[in-house]
Amino acid sequence: MRSKVRPGILRVTLLGTGIPNPHINAFGTSTLIEAGDQTVLIDCGRGAVIRMGQLGISLGSIETVIISHYHSDHYSGLFDLLMTGTIPQPYANRKVPLDVYGPPGIEGVAEGAWLITEPDRNIRVADKEIDPAHMRIVPHCYEEEGVVYDKGGLKIIAIEVDHGEFIQPAYAFRVEYNGHVFVHSHDTRYNENLIYQAKGADVFIHEVASAHPDTLANYPGVKVAIDHHATPRDVGRVFAQTRPKLAMLTHLVLLPPNPMPMDTVTAEIAMEYDGIVLVAEDLLTIDIGLNVSIIPYHHGGKL
Ligand SMILES: [Zn+2]
Ligand SMILES: [Zn+2]
C-alpha cells in the first residue's frame, strides 16, 4: 500500500494515459492530484476506478472531478465512479454528492447521470445501503480559462487550448501547490497559449499524435483523429520553449493498422528538443517537491 502524500509535496498519479482505443495498459485519461488535505481527479476516463482499486485508493475519497473536454476517453469512467463510489464498502463509501467541474454542457451530463443511475440507486436505497443524494453530480460550469479550483493551497487553472473546430472549448490544466507546478496538456494541437501558461512547470505532460503518410492517405478516420492533436515535432517545439524539469508524453495517438513506432516519435521530438523526455504509463506516481520523483506502480502501489 502506498503512503499518504508527504507535507508540502504535490503528488500526481497517472491513473489513465490512453485514448479511446480499448487497451489493457492504457486506460482513458485520468489524473489524480493530491496535495495537503486536498484530493482532486482531473478527467475520469474508462477504468479510472480499476486503477484506484489497484493503488488502494478509496473511491469515496474522490469528491471532486474536473473535466477537460467532452471526448469519451476523458469522462466515460465518471458514471462508474458516481455509482460504485457510493457503495458502503471500504473501497468506496462516498458520503457526499460528486462535485464535477466542466465546460458548458456539464449540467446536461449531471442530468443524464441522475437518469441513468436511477435503477441502481432505487435498489440501493430500498436496501438502505445509500443516501440517494450521494449519487448525484453537482455540476459546476467553468466558461473560460482561469482558476477552476482553489482550496487548501491547491490551485488548478484551466488553460484554453486548440483541439479542433468542433471541440470548443477544450482545456489543459496548470496545477500549483506550495511553489510546485504540474501542467497537463490534455488534448490539443500545438498551442501558443499553452506554451505561455506552462512556463515554469516542474513537470509538463503533453499529448502526441503521429501516423505514416500512407496511413493518413488511406484511412480517413485516422486523418480526422490526427488532425486534432500535436505532432512529435510540435511537441518538441513546445518542450523547447518551456523547458520543464521533467517532460513527459501521454495520450499517444498512434493508431492502427500501422501505428507509428514510439522510437520514431521520440526521434522526431529530438529534432526540436535536447532534454530528457519520458513516456507516461498508467499507475506512475510523480511526487513534486525539492526534486521530482517518479515512482512506478510496483514500488509505490499495492502488490
Ligand atoms: Zn483524448
Ligand atoms: Zn479529445
# chains A, B, ... in the order shown; residues from 1 in each chain; ligands from 1
>>> closest_atom_pairs(of="chain A", to="ligand 2", cutoff="10 Å", atoms="only C-alpha atoms and all ligand atoms", output="CSV")
residue,atom,partner,partner_atom_place_in_ligand_line,distance
A:Ile19,CA,ligand 2,1 (Zn),8.3
A:Pro20,CA,ligand 2,1 (Zn),9.0
A:Thr29,CA,ligand 2,1 (Zn),9.7
A:Ser68,CA,ligand 2,1 (Zn),8.6
A:His69,CA,ligand 2,1 (Zn),6.7
A:Tyr70,CA,ligand 2,1 (Zn),7.1
A:His71,CA,ligand 2,1 (Zn),4.8
A:Ser72,CA,ligand 2,1 (Zn),7.8
A:Asp73,CA,ligand 2,1 (Zn),7.3
A:His74,CA,ligand 2,1 (Zn),7.3
A:His163,CA,ligand 2,1 (Zn),6.8
A:Gly164,CA,ligand 2,1 (Zn),9.0
A:Ile167,CA,ligand 2,1 (Zn),7.6
A:Ala170,CA,ligand 2,1 (Zn),8.0
A:Tyr171,CA,ligand 2,1 (Zn),9.8
A:His186,CA,ligand 2,1 (Zn),7.5
A:Asp187,CA,ligand 2,1 (Zn),4.9
A:Thr188,CA,ligand 2,1 (Zn),7.6
A:Ala225,CA,ligand 2,1 (Zn),8.9
A:His228,CA,ligand 2,1 (Zn),7.6
A:His229,CA,ligand 2,1 (Zn),8.3
A:His251,CA,ligand 2,1 (Zn),9.5
>>> write_last_selection(atoms="N, CA, C and O atoms", output="mmCIF file, in the first residue's frame")
data_model
loop_
_atom_site.group_PDB
_atom_site.id
_atom_site.type_symbol
_atom_site.label_atom_id
_atom_site.label_comp_id
_atom_site.auth_asym_id
_atom_site.auth_seq_id
_atom_site.Cartn_x
_atom_site.Cartn_y
_atom_site.Cartn_z
ATOM 1 N N ILE A 19 -6.165 6.642 -24.840
ATOM 2 C CA ILE A 19 -7.066 7.289 -25.789
ATOM 3 C C ILE A 19 -8.306 6.399 -25.868
ATOM 4 O O ILE A 19 -8.412 5.449 -25.095
ATOM 5 N N PRO A 20 -9.257 6.663 -26.782
ATOM 6 C CA PRO A 20 -10.464 5.829 -26.765
ATOM 7 C C PRO A 20 -10.224 4.335 -27.052
ATOM 8 O O PRO A 20 -11.007 3.489 -26.623
ATOM 9 N N THR A 29 -7.917 8.791 -20.182
ATOM 10 C CA THR A 29 -7.174 9.800 -19.419
ATOM 11 C C THR A 29 -7.828 10.085 -18.068
ATOM 12 O O THR A 29 -9.031 10.313 -17.977
ATOM 13 N N SER A 68 -11.782 18.049 -18.707
ATOM 14 C CA SER A 68 -11.081 18.942 -19.635
ATOM 15 C C SER A 68 -11.903 19.247 -20.887
ATOM 16 O O SER A 68 -11.884 20.369 -21.399
ATOM 17 N N HIS A 69 -12.593 18.241 -21.423
ATOM 18 C CA HIS A 69 -13.442 18.394 -22.607
ATOM 19 C C HIS A 69 -14.252 17.112 -22.751
ATOM 20 O O HIS A 69 -14.012 16.142 -22.027
ATOM 21 N N TYR A 70 -15.173 17.117 -23.713
ATOM 22 C CA TYR A 70 -16.171 16.044 -23.726
ATOM 23 C C TYR A 70 -15.910 14.956 -24.759
ATOM 24 O O TYR A 70 -16.853 14.420 -25.329
ATOM 25 N N HIS A 71 -14.683 14.581 -25.002
ATOM 26 C CA HIS A 71 -14.415 13.318 -25.695
ATOM 27 C C HIS A 71 -14.548 12.188 -24.674
ATOM 28 O O HIS A 71 -14.133 12.326 -23.517
ATOM 29 N N SER A 72 -15.084 11.060 -25.144
ATOM 30 C CA SER A 72 -15.434 9.964 -24.226
ATOM 31 C C SER A 72 -14.249 9.468 -23.403
ATOM 32 O O SER A 72 -14.423 9.057 -22.246
ATOM 33 N N ASP A 73 -13.052 9.496 -23.992
ATOM 34 C CA ASP A 73 -11.898 8.943 -23.259
ATOM 35 C C ASP A 73 -11.516 9.796 -22.049
ATOM 36 O O ASP A 73 -10.640 9.417 -21.274
ATOM 37 N N HIS A 74 -12.212 10.932 -21.861
ATOM 38 C CA HIS A 74 -11.903 11.805 -20.731
ATOM 39 C C HIS A 74 -13.000 11.828 -19.669
ATOM 40 O O HIS A 74 -12.815 12.419 -18.618
ATOM 41 N N HIS A 163 -8.153 22.129 -29.772
ATOM 42 C CA HIS A 163 -8.348 20.700 -30.036
ATOM 43 C C HIS A 163 -9.203 20.489 -31.295
ATOM 44 O O HIS A 163 -9.707 19.412 -31.540
ATOM 45 N N GLY A 164 -9.372 21.574 -32.050
ATOM 46 C CA GLY A 164 -10.128 21.459 -33.298
ATOM 47 C C GLY A 164 -11.426 22.240 -33.239
ATOM 48 O O GLY A 164 -11.918 22.610 -32.180
ATOM 49 N N ILE A 167 -14.572 21.031 -31.093
ATOM 50 C CA ILE A 167 -14.333 20.600 -29.705
ATOM 51 C C ILE A 167 -13.944 21.833 -28.908
ATOM 52 O O ILE A 167 -12.872 21.908 -28.314
ATOM 53 N N ALA A 170 -11.827 23.442 -25.115
ATOM 54 C CA ALA A 170 -11.065 22.321 -24.566
ATOM 55 C C ALA A 170 -9.943 22.938 -23.736
ATOM 56 O O ALA A 170 -9.419 24.007 -24.090
ATOM 57 N N TYR A 171 -9.605 22.287 -22.657
ATOM 58 C CA TYR A 171 -8.667 22.891 -21.716
ATOM 59 C C TYR A 171 -7.521 21.971 -21.328
ATOM 60 O O TYR A 171 -7.689 20.760 -21.191
ATOM 61 N N HIS A 186 -3.648 17.854 -21.731
ATOM 62 C CA HIS A 186 -4.853 17.161 -22.201
ATOM 63 C C HIS A 186 -4.801 17.133 -23.732
ATOM 64 O O HIS A 186 -3.729 16.925 -24.280
ATOM 65 N N ASP A 187 -5.908 17.369 -24.433
ATOM 66 C CA ASP A 187 -5.873 17.144 -25.878
ATOM 67 C C ASP A 187 -5.763 18.488 -26.592
ATOM 68 O O ASP A 187 -6.636 19.357 -26.448
ATOM 69 N N THR A 188 -4.719 18.635 -27.385
ATOM 70 C CA THR A 188 -4.532 19.903 -28.098
ATOM 71 C C THR A 188 -3.561 19.741 -29.264
ATOM 72 O O THR A 188 -2.705 18.854 -29.263
ATOM 73 N N ALA A 225 -8.601 11.960 -36.693
ATOM 74 C CA ALA A 225 -8.080 11.909 -35.316
ATOM 75 C C ALA A 225 -6.762 12.671 -35.203
ATOM 76 O O ALA A 225 -6.585 13.516 -34.313
ATOM 77 N N HIS A 228 -6.533 16.522 -34.886
ATOM 78 C CA HIS A 228 -6.939 17.173 -33.632
ATOM 79 C C HIS A 228 -5.808 17.263 -32.614
ATOM 80 O O HIS A 228 -6.022 17.744 -31.504
ATOM 81 N N HIS A 229 -4.633 16.776 -32.975
ATOM 82 C CA HIS A 229 -3.593 16.599 -31.961
ATOM 83 C C HIS A 229 -2.256 17.205 -32.409
ATOM 84 O O HIS A 229 -2.145 17.740 -33.509
ATOM 85 N N HIS A 251 -1.130 10.125 -23.700
ATOM 86 C CA HIS A 251 -2.210 10.170 -24.686
ATOM 87 C C HIS A 251 -1.629 9.993 -26.087
ATOM 88 O O HIS A 251 -1.720 10.864 -26.945
#
>>> residues_around(residues="Asn93 (chain A)", least_positions_apart="3", cutoff="8 Å", atoms="only C-alpha atoms", output="VMD selection string")
chain A and resid 58 to 60 85 to 90
>>> write_last_selection(atoms="N, CA and C atoms", output="compact mmCIF listing (two decimals), in the first residue's frame")
# COMPACT_ATOMS: atom_id res chain seq x y z
N SER A 58 -9.40 4.69 -1.98
CA SER A 58 -10.84 4.56 -1.82
C SER A 58 -11.57 5.45 -2.82
N LEU A 59 -12.55 4.87 -3.51
CA LEU A 59 -13.33 5.67 -4.46
C LEU A 59 -14.08 6.78 -3.73
N GLY A 60 -14.41 6.52 -2.47
CA GLY A 60 -15.14 7.51 -1.68
C GLY A 60 -14.30 8.73 -1.32
N GLY A 85 -18.91 4.44 -6.37
CA GLY A 85 -18.32 5.19 -5.25
C GLY A 85 -19.22 5.31 -4.03
N THR A 86 -20.55 5.09 -4.22
CA THR A 86 -21.46 5.23 -3.07
C THR A 86 -21.59 3.94 -2.25
N ILE A 87 -21.16 2.83 -2.79
CA ILE A 87 -21.40 1.53 -2.12
C ILE A 87 -20.72 1.54 -0.75
N PRO A 88 -21.46 1.15 0.30
CA PRO A 88 -20.89 1.24 1.66
C PRO A 88 -19.92 0.10 1.97
N GLN A 89 -18.80 0.13 1.29
CA GLN A 89 -17.72 -0.84 1.50
C GLN A 89 -16.43 -0.03 1.60
N PRO A 90 -15.38 -0.61 2.21
CA PRO A 90 -14.15 0.17 2.40
C PRO A 90 -13.55 0.74 1.11
>>> residues_around(residues="region 230-245 of chain A", least_positions_apart="4", cutoff="10 Å", atoms="only C-alpha atoms", output="PyMOL selection string")
chain A and resi 162-163+181-183+187-192+194-211+226+249+253+264-277+291-292
>>> closest_residue(among="A:Leu98, A:Val279, A:Ala172, A:Ala113", to="ligand 1", atoms="only C-alpha atoms and all ligand atoms")
A:Ala172
>>> atom_distance(atom1="CA of Val12 (chain A)", atom2="CA of Met262 (chain A)")
23.6 Å
>>> residues_around(residues="Pro259 (chain A)", least_positions_apart="3", cutoff="8 Å", atoms="only C-alpha atoms", output="ChimeraX atom specification")
/A:211-212,254-256
>>> residues_around(residues="Arg46 (chain A)", least_positions_apart="5", cutoff="7 Å", atoms="only C-alpha atoms", output="number ranges by chain")
A: 27-28, 73, 76-77
>>> select_by_dssp(residues="region 81-276 of chain A", states="helix (DSSP H, G or I)", output="ChimeraX atom specification")
/A:81-84,106-116,118-126,132-135,192-197,213-218,220-227,232-242,262-269
>>> residues_around(residues="Leu55 (chain A)", least_positions_apart="6", cutoff="12 Å", atoms="only C-alpha atoms", output="list in words")
Met1, Arg2, Ser3, Lys4, Thr13, Leu14, Leu15, Leu32, Ala48, Val49, Tyr91, Asp282, Leu283, Leu284, Thr285, Pro296, Tyr297, His298, His299, Gly300, Gly301, Lys302 and Leu303 of chain A
>>> write_last_selection(atoms="C-alpha atoms", output="short mmCIF file (atom, residue, chain, number, x, y, z; two decimals), in the first residue's frame")
data_model
loop_
_atom_site.label_atom_id
_atom_site.label_comp_id
_atom_site.auth_asym_id
_atom_site.auth_seq_id
_atom_site.Cartn_x
_atom_site.Cartn_y
_atom_site.Cartn_z
CA MET A 1 0.00 0.00 0.00
CA ARG A 2 1.37 3.43 -0.82
CA SER A 3 1.82 6.02 1.89
CA LYS A 4 -0.09 9.24 2.27
CA THR A 13 -0.80 9.87 -10.11
CA LEU A 14 -1.42 8.89 -13.72
CA LEU A 15 -4.45 6.59 -13.47
CA LEU A 32 -5.22 12.10 -9.53
CA ALA A 48 -10.29 5.08 -13.53
CA VAL A 49 -11.94 3.16 -10.67
CA TYR A 91 -13.18 0.56 -1.29
CA ASP A 282 -0.74 4.08 -16.20
CA LEU A 283 -0.18 3.97 -12.43
CA LEU A 284 3.00 6.07 -12.35
CA THR A 285 3.19 8.33 -9.31
CA PRO A 296 6.47 3.01 -10.67
CA TYR A 297 3.42 1.04 -9.55
CA HIS A 298 5.40 -1.97 -8.34
CA HIS A 299 7.28 0.27 -5.88
CA GLY A 300 4.60 2.81 -4.98
CA GLY A 301 1.41 0.83 -5.41
CA LYS A 302 -0.19 -2.21 -3.91
CA LEU A 303 1.28 -5.57 -4.88
#
>>> select_by_dssp(residues="region 111-222 of chain A", states="strand (DSSP E or B)", output="ChimeraX atom specification")
/A:137-141,146-151,154-160,171-177,180-184,203-209
>>> closest_residue(among="A:Ala110, A:Val65, A:Leu252, A:Ala247", to="Asn21 (chain A)", atoms="only C-alpha atoms")
A:Leu252
>>> atom_distance(atom1="CA of Glu144 (chain A)", atom2="CA of Trp114 (chain A)")
25.8 Å
>>> closest_residue(among="A:Ala133, A:Leu216, A:Ala158, A:Ile9", to="Asn258 (chain A)", atoms="only C-alpha atoms")
A:Leu216
>>> closest_residue(among="A:Gly16, A:Val5, A:Pro97, A:Leu290", to="ligand 1", atoms="only C-alpha atoms and all ligand atoms")
A:Gly16
>>> atom_distance(atom1="CA of Arg6 (chain A)", atom2="CA of Asp287 (chain A)")
9.1 Å
>>> residues_around(residues="Asp150 (chain A)", least_positions_apart="6", cutoff="12 Å", atoms="only C-alpha atoms", output="JSON, numbers by chain")
{"A": [35, 38, 39, 40, 64, 156, 157, 158, 174, 175, 176, 177]}
>>> decode(residues="region 39-73 of chain A", atoms="N, CA, C and O atoms", output="JSON list (two decimals), in the first residue's frame")
[["chain", "number", "residue", "atom", "x", "y", "z"],
["A", 39, "THR", "N", -7.73, 16.38, -2.49],
["A", 39, "THR", "CA", -7.69, 15.31, -3.48],
["A", 39, "THR", "C", -8.65, 15.68, -4.61],
["A", 39, "THR", "O", -9.83, 15.91, -4.36],
["A", 40, "VAL", "N", -8.12, 15.76, -5.83],
["A", 40, "VAL", "CA", -8.95, 16.13, -6.99],
["A", 40, "VAL", "C", -8.60, 15.20, -8.14],
["A", 40, "VAL", "O", -7.41, 14.92, -8.39],
["A", 41, "LEU", "N", -9.61, 14.74, -8.84],
["A", 41, "LEU", "CA", -9.39, 13.93, -10.03],
["A", 41, "LEU", "C", -9.59, 14.81, -11.26],
["A", 41, "LEU", "O", -10.63, 15.48, -11.37],
["A", 42, "ILE", "N", -8.60, 14.84, -12.14],
["A", 42, "ILE", "CA", -8.76, 15.59, -13.39],
["A", 42, "ILE", "C", -9.00, 14.59, -14.52],
["A", 42, "ILE", "O", -8.14, 13.74, -14.80],
["A", 43, "ASP", "N", -10.15, 14.66, -15.13],
["A", 43, "ASP", "CA", -10.68, 13.71, -16.11],
["A", 43, "ASP", "C", -10.91, 12.35, -15.45],
["A", 43, "ASP", "O", -10.30, 12.01, -14.43],
["A", 44, "CYS", "N", -11.86, 11.64, -16.03],
["A", 44, "CYS", "CA", -12.24, 10.35, -15.45],
["A", 44, "CYS", "C", -12.56, 9.40, -16.60],
["A", 44, "CYS", "O", -13.71, 9.08, -16.85],
["A", 45, "GLY", "N", -11.52, 9.00, -17.31],
["A", 45, "GLY", "CA", -11.69, 8.11, -18.46],
["A", 45, "GLY", "C", -11.99, 6.69, -18.04],
["A", 45, "GLY", "O", -12.04, 6.36, -16.85],
["A", 46, "ARG", "N", -12.17, 5.86, -19.03],
["A", 46, "ARG", "CA", -12.51, 4.45, -18.79],
["A", 46, "ARG", "C", -11.51, 3.79, -17.82],
["A", 46, "ARG", "O", -10.30, 3.92, -17.98],
["A", 47, "GLY", "N", -12.06, 3.10, -16.83],
["A", 47, "GLY", "CA", -11.21, 2.29, -15.95],
["A", 47, "GLY", "C", -10.57, 3.04, -14.80],
["A", 47, "GLY", "O", -9.78, 2.45, -14.07],
["A", 48, "ALA", "N", -10.91, 4.31, -14.62],
["A", 48, "ALA", "CA", -10.29, 5.08, -13.53],
["A", 48, "ALA", "C", -10.50, 4.37, -12.18],
["A", 48, "ALA", "O", -9.58, 4.31, -11.35],
["A", 49, "VAL", "N", -11.69, 3.80, -11.98],
["A", 49, "VAL", "CA", -11.94, 3.16, -10.67],
["A", 49, "VAL", "C", -11.12, 1.87, -10.52],
["A", 49, "VAL", "O", -10.76, 1.50, -9.40],
["A", 50, "ILE", "N", -10.84, 1.20, -11.62],
["A", 50, "ILE", "CA", -9.98, 0.00, -11.54],
["A", 50, "ILE", "C", -8.58, 0.40, -11.08],
["A", 50, "ILE", "O", -7.97, -0.23, -10.22],
["A", 51, "ARG", "N", -8.06, 1.48, -11.69],
["A", 51, "ARG", "CA", -6.71, 1.94, -11.31],
["A", 51, "ARG", "C", -6.68, 2.37, -9.85],
["A", 51, "ARG", "O", -5.69, 2.11, -9.14],
["A", 52, "MET", "N", -7.74, 3.03, -9.37],
["A", 52, "MET", "CA", -7.78, 3.42, -7.95],
["A", 52, "MET", "C", -7.79, 2.17, -7.08],
["A", 52, "MET", "O", -7.13, 2.12, -6.04],
["A", 53, "GLY", "N", -8.52, 1.16, -7.51],
["A", 53, "GLY", "CA", -8.54, -0.11, -6.77],
["A", 53, "GLY", "C", -7.16, -0.73, -6.70],
["A", 53, "GLY", "O", -6.73, -1.22, -5.65],
["A", 54, "GLN", "N", -6.42, -0.69, -7.82],
["A", 54, "GLN", "CA", -5.06, -1.24, -7.83],
["A", 54, "GLN", "C", -4.16, -0.54, -6.83],
["A", 54, "GLN", "O", -3.27, -1.14, -6.24],
["A", 55, "LEU", "N", -4.36, 0.77, -6.69],
["A", 55, "LEU", "CA", -3.50, 1.58, -5.80],
["A", 55, "LEU", "C", -4.01, 1.61, -4.37],
["A", 55, "LEU", "O", -3.37, 2.21, -3.50],
["A", 56, "GLY", "N", -5.16, 0.99, -4.11],
["A", 56, "GLY", "CA", -5.72, 1.02, -2.77],
["A", 56, "GLY", "C", -6.29, 2.37, -2.40],
["A", 56, "GLY", "O", -6.38, 2.72, -1.22],
["A", 57, "ILE", "N", -6.69, 3.15, -3.41],
["A", 57, "ILE", "CA", -7.29, 4.47, -3.16],
["A", 57, "ILE", "C", -8.81, 4.29, -3.08],
["A", 57, "ILE", "O", -9.42, 3.76, -4.01],
["A", 58, "SER", "N", -9.40, 4.69, -1.98],
["A", 58, "SER", "CA", -10.84, 4.56, -1.82],
["A", 58, "SER", "C", -11.57, 5.45, -2.82],
["A", 58, "SER", "O", -11.26, 6.65, -2.94],
["A", 59, "LEU", "N", -12.55, 4.87, -3.51],
["A", 59, "LEU", "CA", -13.33, 5.67, -4.46],
["A", 59, "LEU", "C", -14.08, 6.78, -3.73],
["A", 59, "LEU", "O", -14.32, 7.85, -4.29],
["A", 60, "GLY", "N", -14.41, 6.52, -2.47],
["A", 60, "GLY", "CA", -15.14, 7.51, -1.68],
["A", 60, "GLY", "C", -14.30, 8.73, -1.32],
["A", 60, "GLY", "O", -14.84, 9.77, -0.93],
["A", 61, "SER", "N", -12.97, 8.61, -1.48],
["A", 61, "SER", "CA", -12.11, 9.76, -1.17],
["A", 61, "SER", "C", -12.15, 10.80, -2.30],
["A", 61, "SER", "O", -11.64, 11.91, -2.15],
["A", 62, "ILE", "N", -12.74, 10.43, -3.43],
["A", 62, "ILE", "CA", -12.85, 11.38, -4.55],
["A", 62, "ILE", "C", -14.20, 12.08, -4.45],
["A", 62, "ILE", "O", -15.25, 11.48, -4.65],
["A", 63, "GLU", "N", -14.15, 13.36, -4.14],
["A", 63, "GLU", "CA", -15.38, 14.16, -4.04],
["A", 63, "GLU", "C", -15.43, 15.23, -5.12],
["A", 63, "GLU", "O", -16.45, 15.90, -5.29],
["A", 64, "THR", "N", -14.31, 15.42, -5.83],
["A", 64, "THR", "CA", -14.22, 16.49, -6.83],
["A", 64, "THR", "C", -13.55, 15.97, -8.10],
["A", 64, "THR", "O", -12.48, 15.36, -8.04],
["A", 65, "VAL", "N", -14.22, 16.21, -9.23],
["A", 65, "VAL", "CA", -13.67, 15.83, -10.54],
["A", 65, "VAL", "C", -13.72, 17.06, -11.44],
["A", 65, "VAL", "O", -14.70, 17.82, -11.41],
["A", 66, "ILE", "N", -12.66, 17.26, -12.22],
["A", 66, "ILE", "CA", -12.63, 18.35, -13.20],
["A", 66, "ILE", "C", -12.47, 17.72, -14.58],
["A", 66, "ILE", "O", -11.58, 16.89, -14.79],
["A", 67, "ILE", "N", -13.34, 18.11, -15.52],
["A", 67, "ILE", "CA", -13.32, 17.53, -16.87],
["A", 67, "ILE", "C", -12.70, 18.55, -17.84],
["A", 67, "ILE", "O", -13.07, 19.72, -17.85],
["A", 68, "SER", "N", -11.78, 18.05, -18.71],
["A", 68, "SER", "CA", -11.08, 18.94, -19.63],
["A", 68, "SER", "C", -11.90, 19.25, -20.89],
["A", 68, "SER", "O", -11.88, 20.37, -21.40],
["A", 69, "HIS", "N", -12.59, 18.24, -21.42],
["A", 69, "HIS", "CA", -13.44, 18.39, -22.61],
["A", 69, "HIS", "C", -14.25, 17.11, -22.75],
["A", 69, "HIS", "O", -14.01, 16.14, -22.03],
["A", 70, "TYR", "N", -15.17, 17.12, -23.71],
["A", 70, "TYR", "CA", -16.17, 16.04, -23.73],
["A", 70, "TYR", "C", -15.91, 14.96, -24.76],
["A", 70, "TYR", "O", -16.85, 14.42, -25.33],
["A", 71, "HIS", "N", -14.68, 14.58, -25.00],
["A", 71, "HIS", "CA", -14.41, 13.32, -25.69],
["A", 71, "HIS", "C", -14.55, 12.19, -24.67],
["A", 71, "HIS", "O", -14.13, 12.33, -23.52],
["A", 72, "SER", "N", -15.08, 11.06, -25.14],
["A", 72, "SER", "CA", -15.43, 9.96, -24.23],
["A", 72, "SER", "C", -14.25, 9.47, -23.40],
["A", 72, "SER", "O", -14.42, 9.06, -22.25],
["A", 73, "ASP", "N", -13.05, 9.50, -23.99],
["A", 73, "ASP", "CA", -11.90, 8.94, -23.26],
["A", 73, "ASP", "C", -11.52, 9.80, -22.05],
["A", 73, "ASP", "O", -10.64, 9.42, -21.27]]
